[in-house]
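Structure file model.pdb (PDB, C-alpha atoms) follows.
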ATOM      1  CA  MET E  10      -3.170 -31.607 107.601
ATOM      2  CA  THR E  11      -5.565 -34.314 108.558
ATOM      3  CA  ASP E  12      -9.130 -34.443 107.325
ATOM      4  CA  SER E  13     -11.847 -33.798 109.850
ATOM      5  CA  THR E  14     -13.909 -36.847 110.658
ATOM      6  CA  SER E  15     -17.286 -36.949 112.359
ATOM      7  CA  SER E  16     -16.851 -40.364 113.956
ATOM      8  CA  GLY E  17     -14.183 -42.290 115.756
ATOM      9  CA  HIS E  18     -11.616 -41.193 118.250
ATOM     10  CA  PRO E  19     -10.827 -37.459 118.233
ATOM     11  CA  ARG E  20      -7.093 -38.144 117.757
ATOM     12  CA  LYS E  21      -7.933 -38.759 114.118
ATOM     13  CA  ASP E  22      -8.586 -35.017 113.814
ATOM     14  CA  LEU E  23      -5.126 -33.998 115.052
ATOM     15  CA  ASP E  24      -3.233 -31.909 112.544
ATOM     16  CA  THR E  25       0.044 -33.788 112.122
ATOM     17  CA  LEU E  26       1.625 -30.678 110.642
ATOM     18  CA  ILE E  27       1.031 -28.782 113.889
ATOM     19  CA  HIS E  28       1.493 -31.694 116.282
ATOM     20  CA  SER E  29       5.297 -31.683 116.055
ATOM     21  CA  PRO E  30       6.554 -30.283 119.402
ATOM     22  CA  VAL E  31       8.606 -27.489 117.811
ATOM     23  CA  ARG E  32       5.895 -26.440 115.345
ATOM     24  CA  PHE E  33       3.230 -26.619 118.060
ATOM     25  CA  SER E  34       5.353 -24.467 120.389
ATOM     26  CA  LEU E  35       6.082 -22.035 117.576
ATOM     27  CA  LEU E  36       2.415 -21.512 116.734
ATOM     28  CA  ALA E  37       1.532 -21.241 120.423
ATOM     29  CA  ALA E  38       4.058 -18.432 120.810
ATOM     30  CA  LEU E  39       3.014 -16.653 117.624
ATOM     31  CA  ARG E  40      -0.694 -16.641 118.403
ATOM     32  CA  ASN E  41      -0.014 -14.281 121.309
ATOM     33  CA  LEU E  42       2.595 -12.086 119.628
ATOM     34  CA  GLU E  43       2.795  -9.755 116.634
ATOM     35  CA  ASP E  44       5.763  -9.942 114.249
ATOM     36  CA  VAL E  45       8.509 -11.840 116.048
ATOM     37  CA  ASP E  46      12.208 -11.800 115.323
ATOM     38  CA  PHE E  47      13.871 -15.103 114.353
ATOM     39  CA  ARG E  48      16.495 -14.799 117.107
ATOM     40  CA  PHE E  49      13.825 -14.148 119.746
ATOM     41  CA  LEU E  50      11.907 -17.252 118.622
ATOM     42  CA  ALA E  51      15.004 -19.469 118.609
ATOM     43  CA  ASP E  52      15.841 -18.348 122.148
ATOM     44  CA  LEU E  53      12.233 -18.623 123.364
ATOM     45  CA  LEU E  54      11.782 -22.138 121.987
ATOM     46  CA  GLU E  55      15.316 -23.196 122.911
ATOM     47  CA  VAL E  56      16.020 -24.631 119.460
ATOM     48  CA  SER E  57      18.892 -24.336 117.022
ATOM     49  CA  ASP E  58      18.694 -21.972 114.082
ATOM     50  CA  SER E  59      18.455 -24.914 111.677
ATOM     51  CA  THR E  60      15.609 -26.543 113.632
ATOM     52  CA  LEU E  61      13.689 -23.272 113.714
ATOM     53  CA  SER E  62      14.386 -22.636 110.048
ATOM     54  CA  GLN E  63      13.022 -26.081 109.117
ATOM     55  CA  ALA E  64       9.869 -25.518 111.176
ATOM     56  CA  LEU E  65       9.366 -22.082 109.610
ATOM     57  CA  THR E  66       9.707 -23.537 106.114
ATOM     58  CA  VAL E  67       7.098 -26.244 106.752
ATOM     59  CA  LEU E  68       4.605 -23.850 108.359
ATOM     60  CA  SER E  69       5.180 -21.152 105.754
ATOM     61  CA  GLU E  70       4.608 -23.584 102.876
ATOM     62  CA  ALA E  71       1.289 -24.521 104.511
ATOM     63  CA  ASP E  72       0.379 -20.804 104.831
ATOM     64  CA  LEU E  73       0.162 -21.093 108.620
ATOM     65  CA  ILE E  74       2.795 -18.398 109.118
ATOM     66  CA  SER E  75       4.308 -15.579 107.108
ATOM     67  CA  VAL E  76       8.048 -14.948 106.992
ATOM     68  CA  ARG E  77       9.392 -11.514 106.102
ATOM     69  CA  LYS E  78      13.031 -10.581 105.650
ATOM     70  CA  GLU E  79      14.357  -7.043 106.101
ATOM     71  CA  PRO E  80      17.840  -5.754 105.417
ATOM     72  CA  VAL E  81      19.468  -4.262 108.504
ATOM     73  CA  GLY E  82      22.870  -2.901 107.613
ATOM     74  CA  ARG E  83      24.857  -5.771 106.124
ATOM     75  CA  ARG E  84      22.586  -8.397 107.618
ATOM     76  CA  THR E  85      19.065  -9.596 107.022
ATOM     77  CA  ARG E  86      16.588  -9.775 109.859
ATOM     78  CA  THR E  87      13.786 -12.351 109.682
ATOM     79  CA  TRP E  88      10.332 -11.623 111.076
ATOM     80  CA  VAL E  89       7.645 -14.238 111.597
ATOM     81  CA  ALA E  90       3.889 -13.889 112.144
ATOM     82  CA  ILE E  91       0.970 -16.292 112.310
ATOM     83  CA  THR E  92      -1.560 -16.019 109.488
ATOM     84  CA  ASP E  93      -5.330 -16.126 109.885
ATOM     85  CA  THR E  94      -5.198 -19.638 108.421
ATOM     86  CA  GLY E  95      -2.577 -20.580 111.012
ATOM     87  CA  ARG E  96      -4.593 -19.095 113.852
ATOM     88  CA  GLU E  97      -7.683 -21.080 112.773
ATOM     89  CA  ALA E  98      -5.712 -24.318 112.311
ATOM     90  CA  PHE E  99      -4.101 -23.920 115.731
ATOM     91  CA  ALA E 100      -7.498 -23.280 117.359
ATOM     92  CA  ARG E 101      -8.881 -26.463 115.718
ATOM     93  CA  HIS E 102      -5.847 -28.401 116.915
ATOM     94  CA  LEU E 103      -6.354 -27.161 120.490
ATOM     95  CA  ALA E 104     -10.039 -28.091 120.314
ATOM     96  CA  THR E 105      -9.053 -31.576 119.158
ATOM     97  CA  LEU E 106      -6.614 -31.938 122.049
ATOM     98  CA  GLN E 107      -9.396 -30.898 124.431
ATOM     99  CA  ALA E 108     -11.742 -33.440 122.823
ATOM    100  CA  ILE E 109      -9.123 -36.138 123.381
ATOM    101  CA  ILE E 110      -8.828 -35.126 127.038
ATOM    102  CA  SER E 111     -12.608 -35.100 127.397
ATOM    103  CA  SER E 112     -12.948 -38.481 125.717
ATOM    104  CA  GLY E 113     -10.968 -39.981 128.579
ATOM    105  CA  THR E 114     -13.491 -38.849 131.192
ATOM    106  CA  THR E 115     -16.089 -41.401 130.206
ATOM    107  CA  ASP E 116     -15.425 -45.012 129.339
ATOM    108  CA  PRO E 117     -18.477 -46.783 127.946
ATOM    109  CA  ASN E 118     -16.939 -50.164 128.831
ATOM    110  CA  ASN E 119     -16.606 -49.237 132.511
ATOM    111  CA  ALA E 120     -19.875 -47.338 132.841
ATOM    112  CA  ALA E 121     -21.921 -50.512 133.334
ATOM    113  CA  ASP E 122     -19.534 -52.047 135.887
ATOM    114  CA  PRO E 123     -18.515 -49.601 138.667
ATOM    115  CA  GLN E 124     -16.532 -52.393 140.388
ATOM    116  CA  ARG E 125     -14.181 -52.835 137.433
ATOM    117  CA  SER E 126     -10.678 -51.504 137.951
ATOM    118  CA  ASP E 127      -7.972 -51.333 135.277
ATOM    119  CA  ARG E 128      -5.053 -50.468 137.531
TER     120      ARG E 128
END

Spell out the structure here as structure tokens.
Amino acid sequence: MTDSTSSGHPRKDLDTLIHSPVRFSLLAALRNLEDVDFRFLADLLEVSDSTLSQALTVLSEADLISVRKEPVGRRTRTWVAITDTGREAFARHLATLQAIISSGTTDPNNAADPQRSDR
């Protein structure tokens, strides 16, 4: 995770752990769902089992998600849920993305010269 900084461009506050497209999509899905089955997540995110497994490992090691395995007959079923830490980290990441979007609405270099065009 990146350290929060009080100055500079907001992109510096992006959490590189979350910013990966698969991990971002995974946390976005989990924040609105309870325990989710591995197969459901792989299908929802349209990723291979190995890609999902790698993302789960990274997020689980960072305590952003919890992974629970249950025996079902001869197989094991994997359940995934977002942790409170993960929910907070994802909310901070979304706020940072919004700050980046907002930072593009005002350009101090162009504010003094309304005729300037950077097309």

Spatial neighbours of Asp52 (chain E), 12 Å, all atoms listed in the file, chain gap at least 5 places, as an mmCIF file with C-alpha atoms, in the frame of the given file:
data_model
loop_
_atom_site.group_PDB
_atom_site.id
_atom_site.type_symbol
_atom_site.label_atom_id
_atom_site.label_comp_id
_atom_site.auth_asym_id
_atom_site.auth_seq_id
_atom_site.Cartn_x
_atom_site.Cartn_y
_atom_site.Cartn_z
ATOM 1 C CA LEU E 35 6.082 -22.035 117.576
ATOM 2 C CA ALA E 38 4.058 -18.432 120.810
ATOM 3 C CA VAL E 45 8.509 -11.840 116.048
ATOM 4 C CA ASP E 46 12.208 -11.800 115.323
ATOM 5 C CA PHE E 47 13.871 -15.103 114.353
ATOM 6 C CA SER E 57 18.892 -24.336 117.022
ATOM 7 C CA ASP E 58 18.694 -21.972 114.082
ATOM 8 C CA THR E 60 15.609 -26.543 113.632
ATOM 9 C CA LEU E 61 13.689 -23.272 113.714
#

Notebook entry, point to check: Pick from E:His18, E:Leu68, E:Lys78, E:Ile27: nearest to Arg101 (chain E), with all atoms listed in the file counted?
Noted result: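 That would be E:Ile27, the residue with the smallest distance to Arg101 (chain E).
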
Note to self: Just to confirm, what's the straight-line distance from CA of Ser75 (chain E) to CA of Arg48 (chain E) in Å (one decimal)?
What the structure shows: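 Computed distance, CA of Ser75 (chain E) to CA of Arg48 (chain E), equals 15.8 Å.
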
Tell me which residues the PyMOL selection byres ((chain E and resi 109) around 12) grabs here, as a PDB file with C-alpha atoms, in the coordinates of the input.
ATOM      1  CA  GLY E  17     -14.183 -42.290 115.756  1.00  0.00           C
ATOM      2  CA  HIS E  18     -11.616 -41.193 118.250  1.00  0.00           C
ATOM      3  CA  PRO E  19     -10.827 -37.459 118.233  1.00  0.00           C
ATOM      4  CA  ARG E  20      -7.093 -38.144 117.757  1.00  0.00           C
ATOM      5  CA  LYS E  21      -7.933 -38.759 114.118  1.00  0.00           C
ATOM      6  CA  ASP E  22      -8.586 -35.017 113.814  1.00  0.00           C
ATOM      7  CA  LEU E  23      -5.126 -33.998 115.052  1.00  0.00           C
ATOM      8  CA  HIS E 102      -5.847 -28.401 116.915  1.00  0.00           C
ATOM      9  CA  LEU E 103      -6.354 -27.161 120.490  1.00  0.00           C
ATOM     10  CA  ALA E 104     -10.039 -28.091 120.314  1.00  0.00           C
ATOM     11  CA  THR E 105      -9.053 -31.576 119.158  1.00  0.00           C
ATOM     12  CA  LEU E 106      -6.614 -31.938 122.049  1.00  0.00           C
ATOM     13  CA  GLN E 107      -9.396 -30.898 124.431  1.00  0.00           C
ATOM     14  CA  ALA E 108     -11.742 -33.440 122.823  1.00  0.00           C
ATOM     15  CA  ILE E 110      -8.828 -35.126 127.038  1.00  0.00           C
ATOM     16  CA  SER E 111     -12.608 -35.100 127.397  1.00  0.00           C
ATOM     17  CA  SER E 112     -12.948 -38.481 125.717  1.00  0.00           C
ATOM     18  CA  GLY E 113     -10.968 -39.981 128.579  1.00  0.00           C
ATOM     19  CA  THR E 114     -13.491 -38.849 131.192  1.00  0.00           C
ATOM     20  CA  THR E 115     -16.089 -41.401 130.206  1.00  0.00           C
TER      21      THR E 115
END

Next item on the list: Report the residues retrieved by the PyMOL selection byres ((chain E and resi 93) around 12) from the displayed file, expressed as a list of chain:residue names.
Entry: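 Listing what the PyMOL selection byres ((chain E and resi 93) around 12) selects in the shown file: E:Leu36, E:Leu39, E:Arg40, E:Ala71, E:Asp72, E:Leu73, E:Ile74, E:Ser75, E:Ala90, E:Ile91, E:Thr92, E:Thr94, E:Gly95, E:Arg96, E:Glu97, E:Ala98, E:Phe99, E:Ala100.
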
Next item on the list: Check which residues satisfy the PyMOL selection byres ((chain E and resi 31) around 10) in the file shown, then give them as a list in words.
Entry: Ile27, His28, Ser29, Pro30, Arg32, Phe33, Ser34, Leu35, Leu36, Ala37, Leu54, Glu55, Val56, Thr60, Leu61, Gln63, Ala64 and Leu65 of chain E

Selection above as a file: C-alpha atoms, as a CSV table (one decimal), in the coordinates of the input:
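Final file, out-v1.csv:
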chain,number,residue,atom,x,y,z
E,27,ILE,CA,1.0,-28.8,113.9
E,28,HIS,CA,1.5,-31.7,116.3
E,29,SER,CA,5.3,-31.7,116.1
E,30,PRO,CA,6.6,-30.3,119.4
E,32,ARG,CA,5.9,-26.4,115.3
E,33,PHE,CA,3.2,-26.6,118.1
E,34,SER,CA,5.4,-24.5,120.4
E,35,LEU,CA,6.1,-22.0,117.6
E,36,LEU,CA,2.4,-21.5,116.7
E,37,ALA,CA,1.5,-21.2,120.4
E,54,LEU,CA,11.8,-22.1,122.0
E,55,GLU,CA,15.3,-23.2,122.9
E,56,VAL,CA,16.0,-24.6,119.5
E,60,THR,CA,15.6,-26.5,113.6
E,61,LEU,CA,13.7,-23.3,113.7
E,63,GLN,CA,13.0,-26.1,109.1
E,64,ALA,CA,9.9,-25.5,111.2
E,65,LEU,CA,9.4,-22.1,109.6

Next item on the list: Figure out the distance between CA of Asp44 (chain E) and CA of Thr85 (chain E), please, to one decimal in Å.
Entry: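 Atom-to-atom, CA of Thr85 (chain E) to CA of Asp44 (chain E), that is 15.1 Å.
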
Check: What is the distance between CA of Thr66 (chain E) and CA of Leu53 (chain E), in Å to one decimal?
Finding: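 CA of Leu53 (chain E) lies at a distance of 18.1 Å from CA of Thr66 (chain E).
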
Chain E from the block above, C-alpha atoms, as a CSV table (one decimal), in the first residue's frame, please?
chain,number,residue,atom,x,y,z
E,10,MET,CA,0.0,0.0,0.0
E,11,THR,CA,1.1,3.5,-0.6
E,12,ASP,CA,1.6,6.0,2.2
E,13,SER,CA,-0.9,8.9,2.4
E,14,THR,CA,0.6,12.2,1.5
E,15,SER,CA,-0.8,15.6,2.3
E,16,SER,CA,0.8,17.4,-0.7
E,17,GLY,CA,1.3,16.8,-4.3
E,18,HIS,CA,-0.9,15.1,-6.9
E,19,PRO,CA,-3.5,12.8,-5.5
E,20,ARG,CA,-2.3,9.9,-7.7
E,21,LYS,CA,0.5,9.5,-5.1
E,22,ASP,CA,-2.2,8.2,-2.7
E,23,LEU,CA,-3.4,5.4,-5.0
E,24,ASP,CA,-3.0,2.0,-3.4
E,25,THR,CA,-1.0,0.0,-5.9
E,26,LEU,CA,-2.1,-3.2,-4.3
E,27,ILE,CA,-5.8,-2.4,-5.1
E,28,HIS,CA,-5.1,-0.6,-8.4
E,29,SER,CA,-4.5,-3.7,-10.4
E,30,PRO,CA,-7.6,-4.2,-12.6
E,31,VAL,CA,-8.4,-7.7,-11.4
E,32,ARG,CA,-7.9,-6.9,-7.7
E,33,PHE,CA,-9.9,-3.6,-8.1
E,34,SER,CA,-12.7,-5.5,-9.7
E,35,LEU,CA,-12.6,-8.2,-7.1
E,36,LEU,CA,-12.9,-5.7,-4.2
E,37,ALA,CA,-15.6,-3.8,-6.0
E,38,ALA,CA,-17.7,-7.0,-6.3
E,39,LEU,CA,-17.0,-8.1,-2.7
E,40,ARG,CA,-18.0,-4.8,-1.1
E,41,ASN,CA,-21.5,-5.3,-2.3
E,42,LEU,CA,-21.8,-9.1,-1.6
E,43,GLU,CA,-21.5,-11.4,1.4
E,44,ASP,CA,-19.5,-14.6,1.2
E,45,VAL,CA,-18.9,-15.3,-2.5
E,46,ASP,CA,-18.0,-18.6,-4.1
E,47,PHE,CA,-14.8,-18.8,-6.0
E,48,ARG,CA,-16.5,-20.1,-9.2
E,49,PHE,CA,-19.0,-17.2,-9.1
E,50,LEU,CA,-16.2,-14.7,-8.8
E,51,ALA,CA,-14.2,-16.2,-11.6
E,52,ASP,CA,-17.2,-16.1,-13.9
E,53,LEU,CA,-18.3,-12.6,-12.7
E,54,LEU,CA,-14.8,-11.1,-13.3
E,55,GLU,CA,-14.2,-13.2,-16.5
E,56,VAL,CA,-10.8,-14.4,-15.3
E,57,SER,CA,-9.1,-17.8,-15.2
E,58,ASP,CA,-8.9,-19.7,-12.0
E,59,SER,CA,-5.2,-19.1,-11.7
E,60,THR,CA,-5.6,-15.3,-12.2
E,61,LEU,CA,-8.3,-15.2,-9.5
E,62,SER,CA,-6.3,-17.4,-7.2
E,63,GLN,CA,-3.2,-15.1,-7.5
E,64,ALA,CA,-5.4,-12.0,-6.8
E,65,LEU,CA,-7.0,-13.8,-3.8
E,66,THR,CA,-3.5,-14.7,-2.4
E,67,VAL,CA,-2.2,-11.1,-2.7
E,68,LEU,CA,-5.4,-9.5,-1.1
E,69,SER,CA,-5.6,-12.2,1.6
E,70,GLU,CA,-2.0,-11.7,2.6
E,71,ALA,CA,-2.7,-8.0,3.0
E,72,ASP,CA,-5.8,-8.8,5.1
E,73,LEU,CA,-8.1,-7.1,2.6
E,74,ILE,CA,-10.1,-10.3,2.1
E,75,SER,CA,-10.7,-13.5,4.0
E,76,VAL,CA,-10.7,-16.9,2.2
E,77,ARG,CA,-12.5,-19.8,3.7
E,78,LYS,CA,-12.5,-23.4,2.4
E,79,GLU,CA,-15.3,-25.9,3.1
E,80,PRO,CA,-15.4,-29.6,2.2
E,81,VAL,CA,-18.3,-30.4,0.0
E,82,GLY,CA,-18.4,-34.1,-0.7
E,83,ARG,CA,-15.0,-35.0,-2.3
E,84,ARG,CA,-14.3,-31.4,-3.3
E,85,THR,CA,-13.4,-28.2,-1.5
E,86,ARG,CA,-15.4,-25.1,-2.0
E,87,THR,CA,-13.7,-21.7,-1.6
E,88,TRP,CA,-15.6,-18.7,-0.1
E,89,VAL,CA,-14.3,-15.2,-0.2
E,90,ALA,CA,-15.4,-12.1,1.7
E,91,ILE,CA,-14.0,-8.5,2.1
E,92,THR,CA,-12.7,-7.7,5.5
E,93,ASP,CA,-13.3,-4.4,7.4
E,94,THR,CA,-9.7,-3.5,6.5
E,95,GLY,CA,-10.4,-4.2,2.9
E,96,ARG,CA,-13.6,-2.2,2.9
E,97,GLU,CA,-11.8,0.8,4.4
E,98,ALA,CA,-8.8,0.5,1.9
E,99,PHE,CA,-11.2,0.3,-1.0
E,100,ALA,CA,-13.1,3.3,0.2
E,101,ARG,CA,-9.8,5.3,0.5
E,102,HIS,CA,-8.8,4.2,-3.0
E,103,LEU,CA,-12.2,5.3,-4.5
E,104,ALA,CA,-11.8,8.7,-2.7
E,105,THR,CA,-8.3,9.0,-4.2
E,106,LEU,CA,-9.7,8.3,-7.7
E,107,GLN,CA,-12.3,10.9,-7.2
E,108,ALA,CA,-9.6,13.4,-6.0
E,109,ILE,CA,-7.7,12.7,-9.2
E,110,ILE,CA,-10.8,13.3,-11.3
E,111,SER,CA,-11.5,16.5,-9.3
E,112,SER,CA,-7.9,17.7,-9.7
E,113,GLY,CA,-8.5,17.8,-13.5
E,114,THR,CA,-11.3,20.3,-13.2
E,115,THR,CA,-9.1,23.2,-12.3
E,116,ASP,CA,-5.8,24.0,-13.9
E,117,PRO,CA,-3.9,26.8,-12.1
E,118,ASN,CA,-1.8,27.4,-15.2
E,119,ASN,CA,-4.8,28.0,-17.4
E,120,ALA,CA,-6.8,30.0,-14.8
E,121,ALA,CA,-5.0,33.2,-15.5
E,122,ASP,CA,-5.3,32.9,-19.3
E,123,PRO,CA,-8.8,32.0,-20.5
E,124,GLN,CA,-7.7,32.3,-24.2
E,125,ARG,CA,-5.1,29.5,-23.8
E,126,SER,CA,-6.0,26.2,-25.5
E,127,ASP,CA,-4.1,23.0,-25.2
E,128,ARG,CA,-5.9,21.0,-27.9
